[in-house]
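To keep things clear, I will list the structure first and then write my remarks on it.
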Amino acid sequence: MNTAGDDLRPDPDRLLAAVQAEETQRRRGRLKIFFGACPGVGKTYAMLQALHERRREGVAVLLGVVETHGRSDTEALLQGLPRLPSRSIDYRGRTLSEFDLDAALASDAALIAIDELAHSNVPGSRHAKRWQDVTELLDAGFDVYTTLNVQHLESLHDVVAAITGIRVRETVPDHVFDRADEVTLIDLSAEDLIKRLHAGKVYMGEAARTAIDRFFRPGNLIALRELALRRVAERVDAQMRAYRSQKAIEAVWPARERLLVAVGDGDDEPLLRSAARLATRLEADWIVVHVDRTAAQTEKNKREQVMALLSQARRLGAEVSTVAGDDVADTLVELARERNANRVILGWRPRPGWKRLLNPPMVERIRRRAPDIEISLIGLPVQARSPRRVRVEDALRPRHPYLWASTVCATTTLIAWLLSHVFDLSNIVMLFLLAVVLVSLRWGRRAGAWAALLAVLCFDFFFVPPQWSFAVSDSQYLFTFMLMLAVALIIGQLTARLRFAVIAMRQRERRSGLLMGLSNALSGALTVEQIVEIAVQVLESRFEVNIALAIPDADDRIHDRAGGSAAVDLSIAQWVLDRGETAGAGTGTLSATTGRYLPLKAPMRVRGVLIVEPKHAGTLPWQRPEDLDALEACAGQIAVALERVHFVEVARDALVQMEGERMRNTLLLTLSHDLRTPLTGILGAAEVAAQRAGGSAIEELLRQIVAQARAMQRLLDNLLQLAKLQSGMARLEKQWHSLEEIVGSALRQVEVAQGTHRFQLHLPPDMPLIEVDGLLLERALVNLLDNAFKYTPEGTTVELRVRLEGSEVIIEVADDGPGLPVADPRILFEPFRRGEPESSVLGMGLGLALVERIAQMHGGKIDVLQKPPHGTIFTLRFPKGVLPPEEAAV
């Protein structure tokens, strides 16, 4: 039963998301933005001061890019700070300097200062914008200090342009500003800033006078200052609400505001910016949707406008969608209910009165269909009519539907005139209705309405008495005309709507068929080569482009394309693989290349890169949003297929390894068992012969045979025991034992191996009983001591230290030998692995592997460390067990 207190508990999903975000943020570098209302407030100066403070704290700092603009006080702060050399780029016959991103990534700095975040890089750079360079540095773990003015924020630069009359071309997406770890507002009053400008501390000479006249006017500065203060206040308020939500200070509802923004094919950029600001203030998700009412290949200029608007929406942080719909209002309402959007945002432009009568405003139609959805109207400027340019291909295309409708009506009239002596007037009416249906089916609803009107007029003029006149002798024909016009209009509209639905259905069927065909083809692929071949064949035939796939090796490096005909830039493909982001033509990253590079994102990781290169100009599949979505969906299916094949290979290798391990264990069991019997006979005979030798010269040789036979017997014991443990045949038989007895028995077994080594035992006299398998623990101690005696020089010291820490027993075997011979000490515990493969010491590399298995069976572990100044320390840990109450009382 739920209680009031349950509602106040934190939402587990939100807590998990917060933990994951914190983990991602922990690996990512920290971004600090020095934010100001306009140039000259001291952002760069404050950044350099903070950089000096961090350097005094011992942080490795580096000046990536700093623009002083000739200010002496700012240049003075550059002294003592290491600076990264700039990179020279040849562009249109000139050599320009740019920030060297690769050198910064290769540096050992922890904090990099990069001035002017909104700067646009020279064409040919890896990224088009400097903020993208900063994002890559942050993802690589570098901390970054940077500067930014309020007019460069994407959602505010049009507001600043309206205030100052100057439009800024270089902008930064708001999500970069919002994701910054710290924003420091560098504030200065308008009066003080103008004083600095007159004193030459902002711009020099003529530039200062021009800035005062055009930009640095008191009203402009006050407005910009207010914008900057509000933007920072919104950020602080968002941080406060996020903190209260995470700490469950107040009960919160999981539902969020969701905005649905409808854009057309005109200049709707102001609508996007206003919606972005509203979404930021409301902390709302927002979706930008374009309703395609043609469902066919639209004109190139309109298509480019729509693509530009949708790209702009993505940069502003919106989710983008393109849907086909005959009625915009119905489509928006349906999408709003499907996506749970509680507010629809529309752009509004003044329209003539006759247009409002013929076509009611969108807001009224949406309110009639969904009165529960809020509607916000944003005023937009009236679009100026641009002169229409007629191209040859447009002239040859049937782009005059009204002319064609008139031609069809004239042809129908001629045919009806020839048949008038055979047909009655009712049949001639049906002939005209058929013409209206054909026109609507071919040229759409407007041409159909025009054809309906012409059909009524032609029928009246040529066939209704008195002929050759619009006069009507019988009033019943007036009703016939109105009925004919209404029926023609209704039939024309229904036919046009059916045509639209058929075209939209065909497009959806093509996309669904593409995905289904690709999925069916990939489902039977068993190798990477087959997947590459299928993907290239299907995508090249569908999109009329050149396709290539780049698959990484085991070290996640791309060396060559796996297949396809598209040209591949390996450096771009590697960047896309590492970052998991799209790059190339049509994106903001490495856009100078002709192809687009899409990451093949599978559920677990990125499995490769899909390269799409156009065969001819104008055939790019990403010109239409729905085709780009289809291409990305195909990339997802290819990635899933690659991941499936990868795990099939992993499972196959695991099965082979398991089978090989089983066969090896069987062989070891058989071999060790069969060798023990003859070895026992050899050892017994050698011991008896040594006793009867009676001090002769043969006695020493016999004793060496006994020592080597016992060493081989220990090897066989280890081999047999390890095989039993790995095969699951061995069972742990725990009993209460005295550790002193186990240690004593182990020492007796290694007396011969001890030789001239000095041995020291540190065993507390009050050591309690421990619950272990005595035989297995004794075997582990024998192997640890034997290992120490064999691999350390004669005369050195070997120590066995036992202590109790809480509920754990710790046994340490330390020696003064040469130390660890391998870079990774953990490989010493793998079966048949030796630290020195070419060593002359007798052994098979099984002792330490057996010790680790025994420790794991007891719920413990074994570690190895380097002993200063030389030597090794093996530490065996396992729980001592809980003594029963009656035994503890005794």
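Residue numbering restarts at 1 for every chain of the structure tokens, chains are lettered A, B, ... in their displayed order, and ligands are numbered from 1 as they appear.
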
All residues 10 Å or closer to Arg315 of chain A, only C-alpha atoms, same chain fewer than 4 positions away omitted, as a PyMOL selection string: chain A and resi 154-155+172-175+309-311+319+588

Distance criterion (only C-alpha atoms): nearest to Ser321 of chain A out of A:Ala651, A:Ala275, A:Leu761, A:Val261: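 Ranking A:Ala651, A:Ala275, A:Leu761, A:Val261 by distance to Ser321 of chain A, first place goes to A:Val261.
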
Which of segment 727-825 of chain A counts as alpha helix (DSSP H) under DSSP, as a PyMOL selection string please? chain A and resi 727+739-749+751-754+774-790

Test item: residues at most 7 Å from segment 740-753 of chain A, only C-alpha atoms, excluding those fewer than 3 positions along its chain, as a CSV table (one decimal) with all heavy atoms, in the first residue's frame:
chain,number,residue,atom,x,y,z
A,774,GLY,N,42.5,-29.3,5.1
A,774,GLY,CA,43.9,-29.4,5.6
A,774,GLY,C,44.8,-29.8,4.5
A,774,GLY,O,45.9,-29.3,4.3
A,778,GLU,N,47.7,-27.5,2.9
A,778,GLU,CA,49.1,-28.0,3.0
A,778,GLU,C,49.7,-28.0,1.6
A,778,GLU,O,50.9,-27.6,1.4
A,778,GLU,CB,49.1,-29.4,3.6
A,778,GLU,CG,50.5,-30.0,3.7
A,778,GLU,CD,50.4,-31.4,4.2
A,778,GLU,OE1,49.6,-31.7,5.0
A,778,GLU,OE2,51.2,-32.2,3.7
A,781,LEU,N,50.7,-24.4,0.7
A,781,LEU,CA,51.9,-24.0,1.3
A,781,LEU,C,53.2,-24.6,0.8
A,781,LEU,O,54.2,-24.0,0.6
A,781,LEU,CB,51.8,-24.3,2.8
A,781,LEU,CG,50.8,-23.4,3.6
A,781,LEU,CD1,50.8,-23.8,5.1
A,781,LEU,CD2,51.1,-21.9,3.5
A,782,VAL,N,53.1,-25.9,0.4
A,782,VAL,CA,54.2,-26.6,-0.2
A,782,VAL,C,54.6,-26.0,-1.5
A,782,VAL,O,55.8,-25.7,-1.8
A,782,VAL,CB,53.9,-28.1,-0.4
A,782,VAL,CG1,54.9,-28.8,-1.2
A,782,VAL,CG2,53.8,-28.8,1.0
A,786,ASP,N,58.1,-24.2,-2.0
A,786,ASP,CA,59.0,-24.8,-3.0
A,786,ASP,C,59.3,-23.8,-4.2
A,786,ASP,O,60.4,-23.8,-4.7
A,786,ASP,CB,58.2,-26.0,-3.6
A,786,ASP,CG,59.1,-26.8,-4.6
A,786,ASP,OD1,60.1,-27.3,-4.2
A,786,ASP,OD2,58.7,-26.8,-5.8
A,789,PHE,N,62.0,-21.5,-2.7
A,789,PHE,CA,63.3,-22.1,-2.7
A,789,PHE,C,64.0,-22.3,-4.0
A,789,PHE,O,65.2,-22.2,-4.2
A,789,PHE,CB,63.2,-23.4,-1.9
A,789,PHE,CG,62.9,-23.3,-0.5
A,789,PHE,CD1,62.0,-24.2,0.2
A,789,PHE,CD2,63.5,-22.3,0.3
A,789,PHE,CE1,61.7,-24.1,1.5
A,789,PHE,CE2,63.2,-22.2,1.7
A,789,PHE,CZ,62.3,-23.0,2.3

If you measure from atom CA of Gly636 of chain A to atom CA of Arg511 of chain A, what distance in Å do you get, rounded to one decimal?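 So the two atoms, atom CA of Gly636 of chain A and atom CA of Arg511 of chain A, lie 14.3 Å apart.
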
Contacts of Ser86 of chain A at 12 Å (only C-alpha atoms; same-chain gap of 5+ positions) as a ChimeraX atom specification: /A:63-66,95-104,114

Could you save those same residues with all heavy atoms as an mmCIF file, in the first residue's frame?
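File produced: result16.cif:
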data_model
loop_
_atom_site.group_PDB
_atom_site.id
_atom_site.type_symbol
_atom_site.label_atom_id
_atom_site.label_comp_id
_atom_site.auth_asym_id
_atom_site.auth_seq_id
_atom_site.Cartn_x
_atom_site.Cartn_y
_atom_site.Cartn_z
ATOM 1 N N LEU A 63 48.238 27.507 -22.797
ATOM 2 C CA LEU A 63 47.488 28.491 -23.575
ATOM 3 C C LEU A 63 47.279 27.933 -24.975
ATOM 4 O O LEU A 63 48.219 27.816 -25.759
ATOM 5 C CB LEU A 63 48.243 29.822 -23.639
ATOM 6 C CG LEU A 63 48.387 30.607 -22.326
ATOM 7 C CD1 LEU A 63 49.216 31.856 -22.561
ATOM 8 C CD2 LEU A 63 47.022 30.988 -21.797
ATOM 9 N N GLY A 64 46.043 27.551 -25.287
ATOM 10 C CA GLY A 64 45.748 27.042 -26.615
ATOM 11 C C GLY A 64 45.584 28.174 -27.608
ATOM 12 O O GLY A 64 46.309 28.285 -28.591
ATOM 13 N N VAL A 65 44.628 29.064 -27.361
ATOM 14 C CA VAL A 65 44.365 30.235 -28.190
ATOM 15 C C VAL A 65 43.989 31.383 -27.266
ATOM 16 O O VAL A 65 43.094 31.230 -26.425
ATOM 17 C CB VAL A 65 43.222 29.993 -29.199
ATOM 18 C CG1 VAL A 65 42.953 31.270 -29.992
ATOM 19 C CG2 VAL A 65 43.560 28.867 -30.145
ATOM 20 N N VAL A 66 44.657 32.514 -27.413
ATOM 21 C CA VAL A 66 44.337 33.717 -26.639
ATOM 22 C C VAL A 66 44.406 34.905 -27.578
ATOM 23 O O VAL A 66 45.419 35.116 -28.256
ATOM 24 C CB VAL A 66 45.300 33.916 -25.443
ATOM 25 C CG1 VAL A 66 44.996 35.241 -24.745
ATOM 26 C CG2 VAL A 66 45.177 32.769 -24.459
ATOM 27 N N THR A 95 48.109 32.167 -45.894
ATOM 28 C CA THR A 95 48.470 31.279 -44.795
ATOM 29 C C THR A 95 47.845 31.812 -43.522
ATOM 30 O O THR A 95 48.170 32.922 -43.073
ATOM 31 C CB THR A 95 49.991 31.176 -44.641
ATOM 32 O OG1 THR A 95 50.562 30.689 -45.868
ATOM 33 C CG2 THR A 95 50.345 30.225 -43.508
ATOM 34 N N LEU A 96 46.922 31.037 -42.951
ATOM 35 C CA LEU A 96 46.198 31.452 -41.753
ATOM 36 C C LEU A 96 46.596 30.563 -40.583
ATOM 37 O O LEU A 96 46.949 29.393 -40.759
ATOM 38 C CB LEU A 96 44.690 31.365 -41.986
ATOM 39 C CG LEU A 96 44.154 32.185 -43.170
ATOM 40 C CD1 LEU A 96 42.661 31.952 -43.336
ATOM 41 C CD2 LEU A 96 44.434 33.673 -42.978
ATOM 42 N N SER A 97 46.526 31.120 -39.398
ATOM 43 C CA SER A 97 46.874 30.391 -38.174
ATOM 44 C C SER A 97 45.601 29.937 -37.478
ATOM 45 O O SER A 97 44.633 30.699 -37.374
ATOM 46 C CB SER A 97 47.695 31.280 -37.231
ATOM 47 O OG SER A 97 48.928 31.637 -37.841
ATOM 48 N N GLU A 98 45.624 28.699 -37.012
ATOM 49 C CA GLU A 98 44.478 28.137 -36.308
ATOM 50 C C GLU A 98 44.957 27.340 -35.105
ATOM 51 O O GLU A 98 46.134 26.977 -35.004
ATOM 52 C CB GLU A 98 43.642 27.231 -37.221
ATOM 53 C CG GLU A 98 42.569 27.947 -38.018
ATOM 54 C CD GLU A 98 41.493 28.567 -37.159
ATOM 55 O OE1 GLU A 98 41.492 28.346 -35.919
ATOM 56 O OE2 GLU A 98 40.645 29.287 -37.705
ATOM 57 N N PHE A 99 44.025 27.050 -34.212
ATOM 58 C CA PHE A 99 44.293 26.232 -33.047
ATOM 59 C C PHE A 99 44.664 24.814 -33.479
ATOM 60 O O PHE A 99 43.983 24.204 -34.300
ATOM 61 C CB PHE A 99 43.058 26.211 -32.148
ATOM 62 C CG PHE A 99 43.134 25.240 -31.017
ATOM 63 C CD1 PHE A 99 44.106 25.347 -30.038
ATOM 64 C CD2 PHE A 99 42.213 24.197 -30.919
ATOM 65 C CE1 PHE A 99 44.164 24.438 -29.000
ATOM 66 C CE2 PHE A 99 42.262 23.300 -29.888
ATOM 67 C CZ PHE A 99 43.244 23.418 -28.921
ATOM 68 N N ASP A 100 45.759 24.286 -32.926
ATOM 69 C CA ASP A 100 46.254 22.952 -33.276
ATOM 70 C C ASP A 100 45.632 21.935 -32.321
ATOM 71 O O ASP A 100 46.126 21.708 -31.211
ATOM 72 C CB ASP A 100 47.782 22.919 -33.192
ATOM 73 C CG ASP A 100 48.358 21.681 -33.877
ATOM 74 O OD1 ASP A 100 47.603 20.721 -34.084
ATOM 75 O OD2 ASP A 100 49.559 21.689 -34.198
ATOM 76 N N LEU A 101 44.533 21.333 -32.741
ATOM 77 C CA LEU A 101 43.812 20.400 -31.880
ATOM 78 C C LEU A 101 44.623 19.141 -31.601
ATOM 79 O O LEU A 101 44.665 18.648 -30.466
ATOM 80 C CB LEU A 101 42.474 20.048 -32.519
ATOM 81 C CG LEU A 101 41.612 19.025 -31.783
ATOM 82 C CD1 LEU A 101 41.274 19.500 -30.382
ATOM 83 C CD2 LEU A 101 40.330 18.742 -32.574
ATOM 84 N N ASP A 102 45.284 18.601 -32.618
ATOM 85 C CA ASP A 102 46.052 17.365 -32.419
ATOM 86 C C ASP A 102 47.207 17.580 -31.440
ATOM 87 O O ASP A 102 47.493 16.712 -30.609
ATOM 88 C CB ASP A 102 46.584 16.863 -33.760
ATOM 89 C CG ASP A 102 45.467 16.383 -34.674
ATOM 90 O OD1 ASP A 102 44.490 15.841 -34.146
ATOM 91 O OD2 ASP A 102 45.576 16.573 -35.893
ATOM 92 N N ALA A 103 47.882 18.727 -31.530
ATOM 93 C CA ALA A 103 48.971 19.005 -30.596
ATOM 94 C C ALA A 103 48.443 19.148 -29.178
ATOM 95 O O ALA A 103 49.094 18.718 -28.216
ATOM 96 C CB ALA A 103 49.708 20.274 -31.024
ATOM 97 N N ALA A 104 47.259 19.744 -29.031
ATOM 98 C CA ALA A 104 46.675 19.875 -27.698
ATOM 99 C C ALA A 104 46.309 18.509 -27.122
ATOM 100 O O ALA A 104 46.527 18.248 -25.931
ATOM 101 C CB ALA A 104 45.441 20.774 -27.760
ATOM 102 N N ILE A 114 41.230 28.310 -24.099
ATOM 103 C CA ILE A 114 40.874 28.527 -25.504
ATOM 104 C C ILE A 114 39.921 29.711 -25.559
ATOM 105 O O ILE A 114 38.770 29.617 -25.120
ATOM 106 C CB ILE A 114 40.229 27.268 -26.116
ATOM 107 C CG1 ILE A 114 41.208 26.089 -26.038
ATOM 108 C CG2 ILE A 114 39.819 27.515 -27.550
ATOM 109 C CD1 ILE A 114 40.656 24.796 -26.573
#
